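The structure under discussion appears below in the form of structure tokens.
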Amino acid sequence: YQQKLNPSLLSSSSSSAEQNDNNLRGGNAIARKLPSALVQIYGIYMKALDRKPLITKSITTAFISALGDRFAQSIEANTAGTTLVLNWVRLATFFIAGGIFVGPFVHTWYEQLWKLGRWMEKKFGSSKKLQAVAQVVTDQTIGVALFFPTYFYVYEVIEAAISMRVPAFNLATAKCREQIGSVLLLQYYVWPLTNWINFAYVPESLRVLASDIVAVIFNAYLCTLVA
């Protein structure tokens, strides 16, 4: 679910400082471990993260969300024994929700969790693993409470706009009450360990991308509940 603030809001000298800070966070060290064919693509992506972190993460999350729903629709068709007929309204809804809500939310939230870790380090000299534990606990309590209920309403508003109808907030409320237990149960199976590894070992600038990769599978299930 981690970058510096949007460079468009900073001076050129601050942008340089941000890039240096990202280097210190370990993002560029990953390139040395990649096959040569991927280094150029990785470099382009890292430059985009440095220059436009929020936009880059939002676009990435939009495609990840759509990919998760594409998998979900395939699974649903296979389970029902029918031919897959893509629901483009649903696919577009998840794409837009990923771009305008999930990506920005995770970017902003992870930035706050990163600041929490830095504060613990400066205030108490906490180890990176202890910081990760505190970040995971915060994420799995406050973060979960903020994100998941809101997502049901965001999805309903976007789907209603695409379908040119009035949002049915009572429907979103009913879905949330019916499905939130299943969503939370699955997410507690997947995300605490995933996020602990993410916070403890993944470079700060790549944490949203790492979360997005795991989220492909998680979203495939989430899409079947929210849609």
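We label chains A, B, ... in the order they appear in the structure tokens, count residues from 1 in each chain, and number ligands from 1 in the order shown.
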>> Give me the residues near region 213-222 of chain A as a VMD selection string, where near means some atom within 10 Å (using only C-alpha atoms) and where sequence neighbours in that chain fewer than 3 positions away do not count.
In response: chain A and resid 1 60 to 61 63 to 76 94 179 182 to 183 186 to 187 190 to 191 194 207 to 210 225 to 227
Written file, previous selection with N, CA and C atoms, as a compact mmCIF listing (two decimals), in the first residue's frame:
```
# COMPACT_ATOMS: atom_id res chain seq x y z
N TYR A 1 0.69 -0.40 0.00
CA TYR A 1 0.00 0.00 0.00
C TYR A 1 1.66 0.97 0.00
N THR A 60 -0.25 3.15 -12.16
CA THR A 60 0.10 1.75 -11.92
C THR A 60 -1.03 1.02 -11.22
N THR A 61 -1.59 1.64 -10.18
CA THR A 61 -2.66 1.01 -9.41
C THR A 61 -3.92 0.86 -10.24
N PHE A 63 -4.13 0.21 -13.48
CA PHE A 63 -3.97 -0.97 -14.33
C PHE A 63 -4.00 -2.25 -13.49
N ILE A 64 -3.41 -2.22 -12.29
CA ILE A 64 -3.43 -3.38 -11.42
C ILE A 64 -4.86 -3.72 -11.01
N SER A 65 -5.64 -2.70 -10.68
CA SER A 65 -7.03 -2.91 -10.30
C SER A 65 -7.84 -3.51 -11.44
N ALA A 66 -7.63 -2.98 -12.64
CA ALA A 66 -8.34 -3.51 -13.81
C ALA A 66 -7.92 -4.94 -14.09
N LEU A 67 -6.63 -5.22 -13.95
CA LEU A 67 -6.14 -6.58 -14.17
C LEU A 67 -6.74 -7.54 -13.16
N GLY A 68 -6.85 -7.11 -11.91
CA GLY A 68 -7.48 -7.95 -10.89
C GLY A 68 -8.92 -8.27 -11.24
N ASP A 69 -9.66 -7.28 -11.74
CA ASP A 69 -11.06 -7.53 -12.11
C ASP A 69 -11.15 -8.42 -13.34
N ARG A 70 -10.19 -8.26 -14.26
CA ARG A 70 -10.18 -9.14 -15.45
C ARG A 70 -10.02 -10.59 -15.03
N PHE A 71 -9.13 -10.85 -14.09
CA PHE A 71 -8.96 -12.20 -13.56
C PHE A 71 -10.23 -12.65 -12.85
N ALA A 72 -10.83 -11.74 -12.07
CA ALA A 72 -12.03 -12.08 -11.31
C ALA A 72 -13.17 -12.48 -12.24
N GLN A 73 -13.35 -11.74 -13.33
CA GLN A 73 -14.43 -12.06 -14.27
C GLN A 73 -14.18 -13.41 -14.95
N SER A 74 -12.91 -13.70 -15.22
CA SER A 74 -12.58 -15.01 -15.81
C SER A 74 -12.88 -16.14 -14.84
N ILE A 75 -12.52 -15.94 -13.57
CA ILE A 75 -12.78 -16.95 -12.55
C ILE A 75 -14.28 -17.17 -12.39
N GLU A 76 -15.05 -16.08 -12.38
CA GLU A 76 -16.49 -16.19 -12.23
C GLU A 76 -17.11 -16.95 -13.40
N PHE A 94 -13.37 -0.30 -11.84
CA PHE A 94 -12.20 -0.67 -11.03
C PHE A 94 -10.95 0.08 -11.50
N GLN A 179 -20.44 -7.77 2.95
CA GLN A 179 -19.17 -8.31 2.48
C GLN A 179 -17.96 -7.91 3.31
N SER A 182 -16.01 -10.74 5.10
CA SER A 182 -15.21 -11.60 4.23
C SER A 182 -13.97 -10.88 3.73
N VAL A 183 -14.13 -9.60 3.40
CA VAL A 183 -12.99 -8.81 2.93
C VAL A 183 -11.91 -8.70 4.01
N LEU A 186 -10.05 -12.09 4.67
CA LEU A 186 -9.03 -12.39 3.66
C LEU A 186 -7.85 -11.45 3.79
N GLN A 187 -8.11 -10.17 3.99
CA GLN A 187 -7.00 -9.22 4.04
C GLN A 187 -6.10 -9.48 5.25
N VAL A 190 -3.70 -12.10 4.22
CA VAL A 190 -2.72 -11.73 3.19
C VAL A 190 -1.79 -10.60 3.62
N TRP A 191 -2.36 -9.50 4.17
CA TRP A 191 -1.61 -8.25 4.24
C TRP A 191 -0.70 -8.05 5.44
N THR A 194 2.55 -9.67 4.41
CA THR A 194 3.01 -8.99 3.20
C THR A 194 3.55 -7.61 3.52
N ARG A 207 7.36 0.57 -2.45
CA ARG A 207 6.40 -0.19 -1.64
C ARG A 207 5.01 -0.24 -2.25
N VAL A 208 4.56 0.85 -2.87
CA VAL A 208 3.25 0.81 -3.52
C VAL A 208 3.26 -0.20 -4.66
N LEU A 209 4.34 -0.23 -5.45
CA LEU A 209 4.44 -1.19 -6.54
C LEU A 209 4.44 -2.62 -6.00
N ALA A 210 5.20 -2.86 -4.93
CA ALA A 210 5.23 -4.20 -4.33
C ALA A 210 3.85 -4.60 -3.84
N LEU A 225 -16.52 -9.36 -4.68
CA LEU A 225 -17.35 -8.96 -3.53
C LEU A 225 -17.91 -7.55 -3.68
N VAL A 226 -17.05 -6.63 -4.18
CA VAL A 226 -17.46 -5.24 -4.27
C VAL A 226 -18.40 -5.00 -5.45
N ALA A 227 -18.13 -5.66 -6.56
CA ALA A 227 -18.91 -5.43 -7.79
C ALA A 227 -20.36 -5.86 -7.62
```
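Comparing A:Cys176, A:Val166, A:Leu130, A:Ile100 by their smallest distance to Thr56 (chain A), the closest is A:Ile100 (using only C-alpha atoms).
Of the listed residues A:Ile162, A:Ala62, A:Leu146, A:Glu204, the one whose atoms come nearest to Phe95 (chain A) is A:Ala62, with distances taken using only C-alpha atoms.
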